[in-house]
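Peer 1: This one is structure-v9.cif, mmCIF, C-alpha atoms.
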data_my_file
#
loop_
_atom_site.label_atom_id
_atom_site.label_comp_id
_atom_site.auth_asym_id
_atom_site.auth_seq_id
_atom_site.Cartn_x
_atom_site.Cartn_y
_atom_site.Cartn_z
CA MET W 1 0.00 0.00 0.00
CA ASP W 2 2.82 2.43 0.81
CA ALA W 3 4.49 1.72 -2.53
CA LEU W 4 1.26 2.58 -4.34
CA ILE W 5 0.97 5.93 -2.53
CA VAL W 6 4.60 6.77 -3.31
CA PHE W 7 4.00 5.85 -6.96
CA PHE W 8 1.00 8.19 -7.25
CA LEU W 9 2.72 11.04 -5.44
CA PHE W 10 5.80 10.63 -7.62
CA ASN W 11 3.68 10.81 -10.78
CA TYR W 12 1.66 13.72 -9.44
CA PHE W 13 4.88 15.63 -8.75
CA PHE W 14 6.12 15.17 -12.32
CA ILE W 15 2.79 16.16 -13.84
CA VAL W 16 2.71 19.37 -11.79
CA LEU W 17 6.37 20.03 -12.66
CA ALA W 18 5.63 19.63 -16.38
CA ILE W 19 2.69 22.05 -16.16
CA VAL W 20 4.76 24.66 -14.29
CA ILE W 21 7.61 24.41 -16.81
CA GLY W 22 5.11 24.78 -19.66
CA LEU W 23 3.56 27.89 -18.11
CA ILE W 24 6.96 29.45 -17.55
CA ALA W 25 7.79 28.79 -21.22
CA VAL W 26 4.54 30.44 -22.34
CA GLU W 27 5.14 33.58 -20.27
CA TRP W 28 8.79 33.62 -21.41
CA ILE W 29 7.66 33.74 -25.05
CA LEU W 30 5.11 36.52 -24.37
CA PHE W 31 7.75 38.60 -22.58
CA GLU W 32 10.18 38.21 -25.47
CA ARG W 33 7.52 39.27 -27.98
CA ALA W 34 7.12 42.47 -25.97
CA GLY W 35 10.87 43.13 -26.12
CA GLU W 36 11.74 42.10 -22.56
CA PRO W 37 14.20 39.31 -21.75
CA GLY W 38 12.38 36.09 -20.94
CA TRP W 39 14.43 35.33 -17.83
CA LYS W 40 12.56 38.09 -15.99
CA VAL W 41 9.59 35.72 -15.72
CA LEU W 42 11.59 33.59 -13.28
CA VAL W 43 12.18 36.32 -10.69
CA PRO W 44 9.34 36.59 -8.14
CA PHE W 45 7.62 40.01 -7.96
CA TYR W 46 9.97 41.38 -10.62
CA GLY W 47 8.18 39.28 -13.24
CA SER W 48 4.83 40.79 -12.33
CA PHE W 49 6.42 44.25 -12.29
CA ILE W 50 7.71 43.71 -15.83
CA MET W 51 4.30 42.36 -16.88
CA HIS W 52 2.79 45.62 -15.58
CA LYS W 53 5.44 47.61 -17.46
CA ILE W 54 4.71 45.67 -20.67
CA THR W 55 1.00 46.28 -20.23
CA PHE W 56 0.99 49.98 -19.34
CA GLY W 57 4.36 51.27 -20.51
CA GLU W 58 7.32 52.93 -18.86
CA ASP W 59 5.36 55.92 -17.53
CA SER W 60 2.84 53.87 -15.54
CA LYS W 61 5.13 51.15 -14.25
CA TRP W 62 5.05 52.44 -10.69
CA TYR W 63 1.33 51.82 -10.48
CA TRP W 64 2.40 48.21 -9.99
CA PHE W 65 1.98 48.72 -6.26
CA LEU W 66 -1.76 48.77 -6.87
CA ILE W 67 -1.46 44.99 -7.17
CA LEU W 68 -2.01 45.03 -3.40
CA VAL W 69 -5.55 46.32 -4.00
CA PRO W 70 -8.02 43.44 -4.36
CA GLY W 71 -9.27 43.13 -7.92
CA TYR W 72 -6.45 45.08 -9.57
CA SER W 73 -4.85 41.90 -10.85
CA PHE W 74 -8.00 41.26 -12.91
CA TYR W 75 -7.57 44.65 -14.55
CA LEU W 76 -3.90 43.89 -15.16
CA GLN W 77 -4.69 40.54 -16.81
CA TYR W 78 -7.45 42.13 -18.91
CA SER W 79 -5.14 44.93 -20.11
CA PHE W 80 -2.24 42.52 -20.71
CA THR W 81 -4.40 40.55 -23.14
CA ARG W 82 -5.61 43.75 -24.81
CA ALA W 83 -1.98 44.86 -25.24
CA TYR W 84 -1.52 41.87 -27.55
CA GLY W 85 -4.39 43.02 -29.75
CA TYR W 86 -7.18 40.73 -28.57
CA SER W 87 -10.83 41.77 -28.33
CA ASN W 88 -12.70 42.67 -25.17
CA GLY W 89 -14.31 39.23 -25.11
CA MET W 90 -10.99 37.42 -25.21
CA ALA W 91 -9.62 39.77 -22.56
CA ILE W 92 -12.55 39.00 -20.26
CA LEU W 93 -11.98 35.28 -20.86
CA SER W 94 -8.33 35.77 -19.90
CA VAL W 95 -9.43 37.09 -16.51
CA PHE W 96 -11.24 33.83 -15.79
CA PHE W 97 -8.88 31.46 -17.66
CA PRO W 98 -5.46 33.18 -17.78
CA THR W 99 -3.48 30.00 -18.36
CA VAL W 100 -5.54 28.86 -21.33
CA LEU W 101 -5.59 32.29 -22.96
CA SER W 102 -1.82 32.72 -22.50
CA ILE W 103 -1.29 29.45 -24.35
CA VAL W 104 -3.69 30.61 -27.08
CA MET W 105 -1.78 33.89 -27.39
CA VAL W 106 1.47 31.98 -27.93
CA LEU W 107 0.01 29.46 -30.36
CA GLN W 108 -1.67 32.15 -32.47
CA ASP W 109 1.55 34.21 -32.66
CA ALA W 110 -0.16 37.27 -31.20
CA PRO W 111 2.03 40.32 -31.88
CA TYR W 112 2.62 42.80 -29.11
CA GLY W 113 0.66 45.93 -29.96
CA GLY W 114 2.22 48.28 -27.47
CA PRO W 115 1.29 49.49 -24.00
CA ARG W 116 -2.24 50.41 -23.00
CA THR W 117 -3.27 53.62 -21.25
CA HIS W 118 -3.66 53.12 -17.53
CA PHE W 119 -7.02 54.17 -16.10
CA LEU W 120 -5.27 56.58 -13.69
CA LYS W 121 -3.60 58.37 -16.63
CA GLN W 122 -6.81 59.11 -18.56
#
Kindly transcribe the structure held in the file into structure tokens.
Peer 2:
Amino acid sequence: MDALIVFFLFNYFFIVLAIVIGLIAVEWILFERAGEPGWKVLVPFYGSFIMHKITFGEDSKWYWFLILVPGYSFYLQYSFTRAYGYSNGMAILSVFFPTVLSIVMVLQDAPYGGPRTHFLKQ
């Protein structure tokens, strides 16, 4: 019985590891399309800071601290998808299914369309 539990946990670990590596690769590709080095995805907090900078540009990068406000990350994900030229519907889907839509963005070769205007800058 113990061998069976170890077997399942071992397999579960490798499945989760494969998914995490795949997601890192997807974000790496999206960062490189935006002109940022892909390795920045690997650094905690700095990766989300760079994602905010990609989404809203150099002028609004310091609004990243708003990530501490509940709900702001939904706005960030929505705007990140819109920065790659997707419609409002796809951007709303990316709020609910960010992993799936990031993979779709990579597979469809979505070009980076430039930063969006932050709602505090309007």
Peer 1: Between W:Tyr78, W:Tyr86, W:Trp39, W:Trp28, which has the minimum distance to Gln108 (chain W) (counting only C-alpha atoms)?
Peer 2: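 Using only C-alpha atoms, Gln108 (chain W) sits closest to W:Tyr86.
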Peer 1: Residues picked by the PyMOL selection byres ((chain W and resi 76) around 12) here, as a PyMOL selection string?
Peer 2: chain W and resi 48-56+61+63-75+77-83+91-92+94-95+98+115-119
Peer 1: Keeping only C-alpha atoms, write the selected residues to a file as an mmCIF file, in the coordinates of the input.
Peer 2:
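Output file result-v1.cif is given in full below:
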data_model
loop_
_atom_site.group_PDB
_atom_site.id
_atom_site.type_symbol
_atom_site.label_atom_id
_atom_site.label_comp_id
_atom_site.auth_asym_id
_atom_site.auth_seq_id
_atom_site.Cartn_x
_atom_site.Cartn_y
_atom_site.Cartn_z
ATOM 1 C CA SER W 48 4.830 40.790 -12.330
ATOM 2 C CA PHE W 49 6.420 44.250 -12.290
ATOM 3 C CA ILE W 50 7.710 43.710 -15.830
ATOM 4 C CA MET W 51 4.300 42.360 -16.880
ATOM 5 C CA HIS W 52 2.790 45.620 -15.580
ATOM 6 C CA LYS W 53 5.440 47.610 -17.460
ATOM 7 C CA ILE W 54 4.710 45.670 -20.670
ATOM 8 C CA THR W 55 1.000 46.280 -20.230
ATOM 9 C CA PHE W 56 0.990 49.980 -19.340
ATOM 10 C CA LYS W 61 5.130 51.150 -14.250
ATOM 11 C CA TYR W 63 1.330 51.820 -10.480
ATOM 12 C CA TRP W 64 2.400 48.210 -9.990
ATOM 13 C CA PHE W 65 1.980 48.720 -6.260
ATOM 14 C CA LEU W 66 -1.760 48.770 -6.870
ATOM 15 C CA ILE W 67 -1.460 44.990 -7.170
ATOM 16 C CA LEU W 68 -2.010 45.030 -3.400
ATOM 17 C CA VAL W 69 -5.550 46.320 -4.000
ATOM 18 C CA PRO W 70 -8.020 43.440 -4.360
ATOM 19 C CA GLY W 71 -9.270 43.130 -7.920
ATOM 20 C CA TYR W 72 -6.450 45.080 -9.570
ATOM 21 C CA SER W 73 -4.850 41.900 -10.850
ATOM 22 C CA PHE W 74 -8.000 41.260 -12.910
ATOM 23 C CA TYR W 75 -7.570 44.650 -14.550
ATOM 24 C CA GLN W 77 -4.690 40.540 -16.810
ATOM 25 C CA TYR W 78 -7.450 42.130 -18.910
ATOM 26 C CA SER W 79 -5.140 44.930 -20.110
ATOM 27 C CA PHE W 80 -2.240 42.520 -20.710
ATOM 28 C CA THR W 81 -4.400 40.550 -23.140
ATOM 29 C CA ARG W 82 -5.610 43.750 -24.810
ATOM 30 C CA ALA W 83 -1.980 44.860 -25.240
ATOM 31 C CA ALA W 91 -9.620 39.770 -22.560
ATOM 32 C CA ILE W 92 -12.550 39.000 -20.260
ATOM 33 C CA SER W 94 -8.330 35.770 -19.900
ATOM 34 C CA VAL W 95 -9.430 37.090 -16.510
ATOM 35 C CA PRO W 98 -5.460 33.180 -17.780
ATOM 36 C CA PRO W 115 1.290 49.490 -24.000
ATOM 37 C CA ARG W 116 -2.240 50.410 -23.000
ATOM 38 C CA THR W 117 -3.270 53.620 -21.250
ATOM 39 C CA HIS W 118 -3.660 53.120 -17.530
ATOM 40 C CA PHE W 119 -7.020 54.170 -16.100
#
Peer 1: Let me make sure I understand: among W:Leu9, W:Leu30, W:Ala25, W:Leu4, which one has the smallest atom-to-atom distance to Tyr112 (chain W) if we use all atoms listed in the file?
Peer 2: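 Among the listed residues, W:Leu30 lies closest to Tyr112 (chain W).
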Peer 1: By how many Å are CA of Ile19 (chain W) and CA of Tyr84 (chain W) apart?
Peer 2: 23.2 Å
Peer 1: So how far away is CA of Gly85 (chain W) from CA of Gly113 (chain W), in Å?
Peer 2: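 Here the two named atoms are 5.8 Å from each other.
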Peer 1: Go through W:Ala110, W:Leu120, W:Val41, W:Leu93 one by one, measure the shortest atom-to-atom distance of each to Leu23 (chain W) using only C-alpha atoms, and give the residue with the smallest value.
Peer 2: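 Ranking W:Ala110, W:Leu120, W:Val41, W:Leu93 by distance to Leu23 (chain W), first place goes to W:Val41.
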Peer 1: Running the PyMOL selection byres ((chain W and resi 38) around 10) on this model by hand, what would come out? Give it as number ranges by chain.
Peer 2: W: 24-37, 39-42, 47
Peer 1: Can you tell me, as JSON, the centre and edge lengths (Å, one decimal) of the axis-aligned box enclosing all of region 43-59 of chain W's listed atoms after padding each side by 6 Å?
Peer 2:
{"center_x": 6.6, "center_y": 46.1, "center_z": -14.3, "size_x": 23.2, "size_y": 31.6, "size_z": 24.7}
Peer 1: Please indicate the distance in Å from CA of Met105 (chain W) to CA of Met90 (chain W), rounded to one decimal place.
Peer 2: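 A separation of 10.1 Å between them.
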Peer 1: Export C-alpha atoms of region 16-43 of chain W from the structure just given, as an mmCIF file, in the first residue's frame?
Peer 2:
data_model
loop_
_atom_site.group_PDB
_atom_site.id
_atom_site.type_symbol
_atom_site.label_atom_id
_atom_site.label_comp_id
_atom_site.auth_asym_id
_atom_site.auth_seq_id
_atom_site.Cartn_x
_atom_site.Cartn_y
_atom_site.Cartn_z
ATOM 1 C CA VAL W 16 2.715 19.369 -11.790
ATOM 2 C CA LEU W 17 6.373 20.031 -12.655
ATOM 3 C CA ALA W 18 5.634 19.631 -16.383
ATOM 4 C CA ILE W 19 2.694 22.048 -16.157
ATOM 5 C CA VAL W 20 4.764 24.658 -14.291
ATOM 6 C CA ILE W 21 7.611 24.414 -16.815
ATOM 7 C CA GLY W 22 5.106 24.779 -19.657
ATOM 8 C CA LEU W 23 3.558 27.888 -18.109
ATOM 9 C CA ILE W 24 6.961 29.453 -17.554
ATOM 10 C CA ALA W 25 7.790 28.791 -21.216
ATOM 11 C CA VAL W 26 4.539 30.441 -22.338
ATOM 12 C CA GLU W 27 5.143 33.575 -20.273
ATOM 13 C CA TRP W 28 8.792 33.624 -21.414
ATOM 14 C CA ILE W 29 7.656 33.745 -25.055
ATOM 15 C CA LEU W 30 5.113 36.516 -24.372
ATOM 16 C CA PHE W 31 7.751 38.598 -22.578
ATOM 17 C CA GLU W 32 10.181 38.210 -25.472
ATOM 18 C CA ARG W 33 7.519 39.274 -27.982
ATOM 19 C CA ALA W 34 7.122 42.468 -25.973
ATOM 20 C CA GLY W 35 10.871 43.127 -26.121
ATOM 21 C CA GLU W 36 11.744 42.098 -22.565
ATOM 22 C CA PRO W 37 14.203 39.306 -21.752
ATOM 23 C CA GLY W 38 12.382 36.087 -20.937
ATOM 24 C CA TRP W 39 14.425 35.326 -17.826
ATOM 25 C CA LYS W 40 12.558 38.093 -15.994
ATOM 26 C CA VAL W 41 9.588 35.721 -15.715
ATOM 27 C CA LEU W 42 11.593 33.591 -13.282
ATOM 28 C CA VAL W 43 12.182 36.316 -10.686
#
